[in-house]
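Text of coords19.txt (compact mmCIF, C-alpha atoms and all ligand atoms) as supplied:
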```txt
# COMPACT_ATOMS: atom_id res chain seq x y z
CA MET K 146 -14.39 -26.83 35.49
CA ALA K 147 -15.81 -23.66 37.07
CA ASN K 148 -13.65 -20.62 37.88
CA ARG K 149 -11.05 -21.37 35.27
CA PRO K 150 -9.92 -18.27 33.34
CA GLN K 151 -12.03 -17.92 30.20
CA ILE K 152 -10.34 -17.39 26.84
CA ALA K 153 -11.96 -16.15 23.63
CA VAL K 154 -10.05 -16.94 20.43
CA LEU K 155 -10.56 -15.02 17.19
CA ILE K 156 -9.62 -16.60 13.88
CA SER K 157 -9.99 -16.15 10.13
CA GLY K 158 -8.41 -19.29 8.70
CA SER K 159 -6.73 -22.60 9.38
CA GLY K 160 -6.58 -22.16 13.13
CA SER K 161 -3.39 -24.13 13.73
CA ASN K 162 -2.49 -21.71 16.54
CA LEU K 163 -5.98 -22.20 17.96
CA GLN K 164 -5.28 -25.94 17.87
CA ALA K 165 -2.02 -25.49 19.78
CA ILE K 166 -3.93 -23.56 22.47
CA ILE K 167 -6.75 -26.15 22.56
CA ASP K 168 -4.07 -28.84 23.01
CA GLY K 169 -2.43 -26.79 25.76
CA CYS K 170 -5.75 -26.49 27.63
CA GLN K 171 -6.50 -30.18 27.19
CA SER K 172 -3.07 -31.33 28.34
CA GLY K 173 -3.16 -29.10 31.44
CA GLN K 174 -0.24 -26.90 30.28
CA ILE K 175 -2.72 -24.00 30.27
CA GLU K 176 -5.13 -23.97 33.21
CA ALA K 177 -7.93 -22.21 31.39
CA GLU K 178 -10.93 -22.87 29.20
CA ILE K 179 -11.70 -21.59 25.71
CA CYS K 180 -15.23 -20.20 26.05
CA VAL K 181 -15.75 -19.23 22.41
CA VAL K 182 -14.08 -19.17 19.01
CA VAL K 183 -15.18 -16.29 16.79
CA SER K 184 -14.48 -16.09 13.08
CA ASN K 185 -15.17 -13.41 10.47
CA ASN K 186 -15.00 -16.16 7.85
CA GLU K 187 -17.57 -18.93 7.89
CA GLU K 188 -15.23 -21.20 5.92
CA ALA K 189 -12.37 -20.97 8.39
CA PHE K 190 -11.08 -24.48 9.09
CA GLY K 191 -10.46 -23.43 12.68
CA LEU K 192 -14.23 -23.51 13.24
CA GLN K 193 -14.15 -27.26 12.65
CA ARG K 194 -11.28 -27.61 15.10
CA ALA K 195 -13.33 -25.76 17.73
CA GLU K 196 -16.43 -27.85 17.10
CA LYS K 197 -14.40 -31.04 17.39
CA ALA K 198 -13.15 -29.86 20.78
CA GLY K 199 -16.71 -29.00 21.89
CA ILE K 200 -16.06 -25.24 21.98
CA PRO K 201 -18.91 -22.84 21.10
CA THR K 202 -18.39 -20.91 17.86
CA GLN K 203 -19.69 -17.63 16.50
CA ILE K 204 -19.43 -16.34 12.94
CA LEU K 205 -19.51 -12.59 12.42
CA ASP K 206 -19.00 -11.84 8.74
CA HIS K 207 -17.46 -8.38 8.31
CA ARG K 208 -19.06 -8.07 4.86
CA ASN K 209 -22.43 -7.56 6.55
CA TYR K 210 -21.32 -4.34 8.24
CA GLU K 211 -21.08 -0.83 6.85
CA ASN K 212 -17.69 0.05 8.25
CA ARG K 213 -14.98 -1.10 10.68
CA GLU K 214 -16.56 0.65 13.67
CA ALA K 215 -19.93 -1.04 13.10
CA TYR K 216 -18.25 -4.43 12.85
CA ASP K 217 -16.01 -3.91 15.85
CA SER K 218 -18.92 -2.69 17.93
CA GLU K 219 -20.84 -5.89 17.20
CA LEU K 220 -17.71 -7.94 17.91
CA VAL K 221 -17.33 -6.28 21.32
CA HIS K 222 -20.99 -6.98 22.05
CA CYS K 223 -20.65 -10.63 21.00
CA LEU K 224 -17.49 -11.19 23.06
CA ASN K 225 -18.82 -9.42 26.16
CA GLN K 226 -21.52 -12.08 26.45
CA TYR K 227 -18.76 -14.57 27.29
CA GLN K 228 -16.94 -12.30 29.77
CA PRO K 229 -13.50 -13.45 28.64
CA ASP K 230 -10.47 -12.90 30.85
CA LEU K 231 -8.21 -13.07 27.80
CA LEU K 232 -8.79 -12.52 24.08
CA VAL K 233 -6.41 -14.28 21.72
CA LEU K 234 -6.07 -13.18 18.09
CA ALA K 235 -4.92 -16.28 16.22
CA GLY K 236 -4.69 -15.41 12.54
CA PHE K 237 -7.61 -12.97 12.82
CA MET K 238 -6.98 -10.98 9.65
CA ARG K 239 -8.74 -7.75 10.53
CA ILE K 240 -7.41 -4.29 11.26
CA LEU K 241 -9.02 -3.39 14.58
CA THR K 242 -10.33 0.05 15.48
CA PRO K 243 -9.58 1.74 18.84
CA LEU K 244 -13.21 0.97 19.72
CA PHE K 245 -12.22 -2.69 19.90
CA THR K 246 -8.68 -2.43 21.25
CA GLU K 247 -9.73 -0.04 24.04
CA ALA K 248 -12.64 -2.29 25.09
CA PHE K 249 -10.17 -5.06 25.94
CA VAL K 250 -6.98 -3.19 26.75
CA GLY K 251 -4.51 -5.33 28.71
CA LYS K 252 -6.27 -8.58 27.90
CA LEU K 253 -5.91 -8.71 24.14
CA ILE K 254 -2.93 -10.51 22.59
CA ASN K 255 -1.86 -11.36 19.06
CA ILE K 256 0.76 -13.45 17.32
CA HIS K 257 2.53 -11.84 14.40
CA PRO K 258 4.77 -13.79 12.01
CA SER K 259 7.88 -11.63 12.23
CA LEU K 260 10.59 -10.61 14.62
CA LEU K 261 8.82 -7.41 15.69
CA PRO K 262 9.51 -4.52 15.53
CA LYS K 263 10.62 -5.75 12.08
CA TYR K 264 7.90 -6.18 9.45
CA PRO K 265 4.56 -5.17 10.93
CA GLY K 266 1.71 -5.73 8.45
CA LEU K 267 1.43 -8.31 5.70
CA HIS K 268 3.79 -10.52 3.63
CA THR K 269 6.33 -10.82 6.42
CA HIS K 270 7.97 -14.02 5.14
CA ARG K 271 8.53 -12.53 1.69
CA ARG K 272 9.91 -9.33 3.17
CA ALA K 273 12.40 -11.22 5.36
CA LEU K 274 13.56 -13.26 2.33
CA ASP K 275 13.83 -10.20 0.07
CA ALA K 276 15.88 -8.40 2.71
CA GLY K 277 18.35 -11.31 2.88
CA ASP K 278 17.73 -11.75 6.61
CA SER K 279 19.54 -14.62 8.33
CA HIS K 280 16.66 -15.20 10.77
CA HIS K 281 12.91 -14.89 10.86
CA GLY K 282 10.28 -15.80 13.42
CA ALA K 283 7.21 -14.71 15.31
CA THR K 284 6.25 -12.50 18.21
CA VAL K 285 3.38 -12.60 20.71
CA HIS K 286 2.41 -9.09 21.77
CA PHE K 287 -0.27 -7.14 23.56
CA VAL K 288 -2.59 -5.40 21.13
CA THR K 289 -2.95 -1.62 21.11
CA ALA K 290 -4.50 0.67 18.51
CA GLU K 291 -1.20 0.68 16.58
CA LEU K 292 -1.13 -2.16 14.03
CA ASP K 293 1.31 -4.84 15.27
CA GLY K 294 2.78 -2.12 17.48
CA GLY K 295 1.74 -3.16 20.99
CA PRO K 296 4.38 -4.25 23.50
CA PRO K 297 6.00 -7.62 22.66
CA ILE K 298 5.77 -10.43 25.23
CA LEU K 299 7.56 -13.40 23.72
CA GLN K 300 9.57 -13.97 20.54
CA ALA K 301 11.40 -16.86 18.89
CA SER K 302 13.34 -17.25 15.67
CA ILE K 303 14.39 -19.79 13.08
CA GLN K 304 17.33 -19.64 10.72
CA ILE K 305 16.59 -18.89 7.08
CA LEU K 306 18.23 -21.65 5.04
CA ASP K 307 19.56 -21.73 1.47
CA GLY K 308 16.69 -22.62 -0.83
CA ASP K 309 14.00 -21.47 1.58
CA THR K 310 10.84 -20.13 -0.02
CA GLU K 311 8.03 -18.02 1.38
CA LYS K 312 6.05 -21.24 1.85
CA SER K 313 8.79 -23.24 3.55
CA ILE K 314 9.56 -20.39 5.95
CA ALA K 315 5.87 -19.85 6.76
CA SER K 316 5.50 -23.53 7.54
CA ARG K 317 8.62 -23.68 9.78
CA VAL K 318 7.68 -20.47 11.61
CA LEU K 319 4.27 -21.98 12.37
CA SER K 320 5.44 -25.40 13.53
CA GLU K 321 8.77 -24.51 15.18
CA VAL K 322 7.89 -21.12 16.62
CA GLU K 323 4.24 -20.10 16.75
CA HIS K 324 2.83 -23.37 18.10
CA LYS K 325 5.37 -23.25 20.93
CA ILE K 326 5.36 -19.60 21.95
CA TYR K 327 1.63 -18.89 21.71
CA PRO K 328 0.49 -21.54 24.23
CA LEU K 329 3.37 -20.48 26.51
CA ALA K 330 2.38 -16.81 26.41
CA VAL K 331 -1.26 -17.76 27.09
CA LYS K 332 -0.12 -19.87 30.04
CA TRP K 333 1.88 -16.94 31.45
CA PHE K 334 -1.11 -14.63 31.05
CA VAL K 335 -3.62 -16.89 32.80
CA GLU K 336 -1.09 -17.46 35.59
CA LYS K 337 -0.92 -13.64 35.90
CA ARG K 338 2.83 -13.74 35.26
CA VAL K 339 2.58 -11.41 32.29
CA GLN K 340 0.67 -8.15 32.19
CA MET K 341 0.56 -4.82 30.42
CA ILE K 342 1.08 -1.82 32.66
CA ASP K 343 1.19 1.74 31.27
CA GLY K 344 1.63 0.40 27.74
CA LYS K 345 4.57 -1.87 28.62
CA ALA K 346 4.78 -5.65 29.03
CA TRP K 347 5.99 -7.09 32.34
CA LEU K 348 6.91 -10.72 32.98
CA ASP K 349 7.46 -12.07 36.49
CA GLY K 350 7.80 -8.49 37.76
CA GLU K 351 10.43 -7.50 35.19
CA LEU K 352 10.03 -5.14 32.28
CA VAL K 353 10.15 -7.09 29.00
CA GLY K 354 12.61 -5.82 26.36
CA SER K 355 11.48 -4.15 23.14
CA SER K 356 11.47 -7.43 21.15
CA GLY K 357 9.88 -9.55 23.85
CA PHE K 358 11.30 -12.34 25.99
CA GLN K 359 13.62 -14.44 23.79
CA TYR K 360 12.34 -18.03 23.78
CA GLY K 361 15.08 -20.63 23.72
CA LYS K 362 17.83 -18.08 24.44
CA GLU K 363 16.69 -17.27 27.97
CA GLU K 364 15.41 -19.77 30.53
CA LYS K 365 11.74 -19.57 31.51
CA THR K 366 8.86 -21.97 31.18
C1 LIG O 401 -0.12 -17.27 11.56
O1 LIG O 401 1.10 -17.38 10.88
C2 LIG O 401 -0.21 -15.94 12.29
O2 LIG O 401 1.02 -15.52 12.81
C3 LIG O 401 -0.65 -15.03 11.18
O3 LIG O 401 -1.61 -15.79 10.46
C4 LIG O 401 -1.28 -17.18 10.57
C5 LIG O 401 -2.50 -17.90 11.06
O4 LIG O 401 -2.30 -19.29 11.02
N1 LIG O 401 -1.21 -13.82 11.68
C6 LIG O 401 -1.05 -12.65 11.08
O5 LIG O 401 -0.46 -12.50 10.05
C7 LIG O 401 -1.72 -11.48 11.80
N2 LIG O 401 -1.17 -10.26 11.34
P1 LIG O 401 -3.31 -20.27 11.76
O6 LIG O 401 -4.72 -19.88 11.30
O7 LIG O 401 -2.93 -21.63 11.25
O8 LIG O 401 -3.13 -20.12 13.22
```

Let's see the structure in the file written out as structure tokens.
Amino acid sequence: MANRPQIAVLISGSGSNLQAIIDGCQSGQIEAEICVVVSNNEEAFGLQRAEKAGIPTQILDHRNYENREAYDSELVHCLNQYQPDLLVLAGFMRILTPLFTEAFVGKLINIHPSLLPKYPGLHTHRRALDAGDSHHGATVHFVTAELDGGPPILQASIQILDGDTEKSIASRVLSEVEHKIYPLAVKWFVEKRVQMIDGKAWLDGELVGSSGFQYGKEEKT
């Protein structure tokens, strides 16, 4: 359908979050269209998910570029051809340069598997287990030049149970948290309910707290 907001999704792997957003667009939860899925990894399973849904794909292998700036510059060029209203990082395992983050400021979001501001960076599930945390989860946030440091939009948690392993936690965070909060945050963005103003996230005209809106603890759909 014409005039629907256009979403570009960037992936590196399985693409289960991409699938949740595809499902949200197909069911009508999200009134938008995914215009392209870009991967830096030609073997990413998410590319097959996109093809199955009839979404154009692009592969940009970072190993073919001299440095991060050269790669990010090509990525900006590639994405600009689609004129996306929103760019969704869904397991895109690249550190982005300011060249990229500034090109799409205010319309670039990411999901990170931790209760930010706790555990930016890698190995978040292991770090939560090692620290003896009672809860773990994921956070959707606007992307700025600071790694996993942009303003949080939406966050949800699970309880860490006796006997949990890195793998069991990762799997529950994906299915019980990420696949619920990412489509919801995308829906809010395309409905213009959430935006970044002066480096802060706002939802329905209210400043969002430093950990994001708490899914399941506060009412909002
Ligand atoms: C997700 O857990 C996502 O939060 C994480 O990668 C996984 C991708 O899964 N992203 C990061 O760690 C980014 N720093 P998916 O490919 O099945 O959506």

Subject >> Expected selection as JSON, numbers by chain for ligand LIG 401 (chain O) within 9 Å, only C-alpha atoms and all ligand atoms >> reply: {"K": [156, 157, 158, 159, 160, 161, 162, 163, 164, 165, 189, 190, 191, 234, 235, 236, 237, 238, 239, 240, 255, 256, 257, 258, 259, 265, 266, 267, 268, 269, 283, 284, 285, 292, 293, 315, 316, 318, 319, 323, 324]}

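CA of Gln171 in chain K to CA of Lys332 in chain K spans 12.5 Å [interatomic distance, one decimal].
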
**OP:** Would you please work out which residue, of K:Asp168, K:Glu247, K:Glu336, K:Glu211, is nearest to Glu291 in chain K when using all atoms listed in the file?
**Re:** K:Glu247

Each residue of range 188-228 of chain K with at least one atom at most 8 Å from range 178-181 of chain K should appear once, together with its nearest atom pair and the corresponding distance in Å (one decimal); atoms considered: only C-alpha atoms; ordering: chain, then increasing residue number; output as a tab-separated table.
```
residue	atom	partner	partner_atom	distance
K:Ile200	CA	K:Val181	CA	6.0
K:Pro201	CA	K:Val181	CA	5.0
K:Thr202	CA	K:Val181	CA	5.5
K:Gln203	CA	K:Val181	CA	7.3
K:Tyr227	CA	K:Cys180	CA	6.8
```

**OP:** For range 353-358 of chain K, please output as a PyMOL selection string all residues within 7 Å (counting all atoms listed in the file; exclusion window: fewer than 5 positions along the same chain).
**Re:** chain K and resi 261-262+297-300+346-348

Could you save the residues just selected, with C-alpha atoms, as a compact mmCIF listing (two decimals), in the frame of the given file?
```txt
# COMPACT_ATOMS: atom_id res chain seq x y z
CA LEU K 261 8.82 -7.41 15.69
CA PRO K 262 9.51 -4.52 15.53
CA PRO K 297 6.00 -7.62 22.66
CA ILE K 298 5.77 -10.43 25.23
CA LEU K 299 7.56 -13.40 23.72
CA GLN K 300 9.57 -13.97 20.54
CA ALA K 346 4.78 -5.65 29.03
CA TRP K 347 5.99 -7.09 32.34
CA LEU K 348 6.91 -10.72 32.98
```

Subject >> For Asn185 in chain K, the nearest of the candidates K:Asn225, K:Gln340, K:Thr310, K:Asn209, counting only C-alpha atoms >> reply: K:Asn209

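Between CA of Ile167 in chain K and CA of Leu352 in chain K there is a distance of 28.6 Å.
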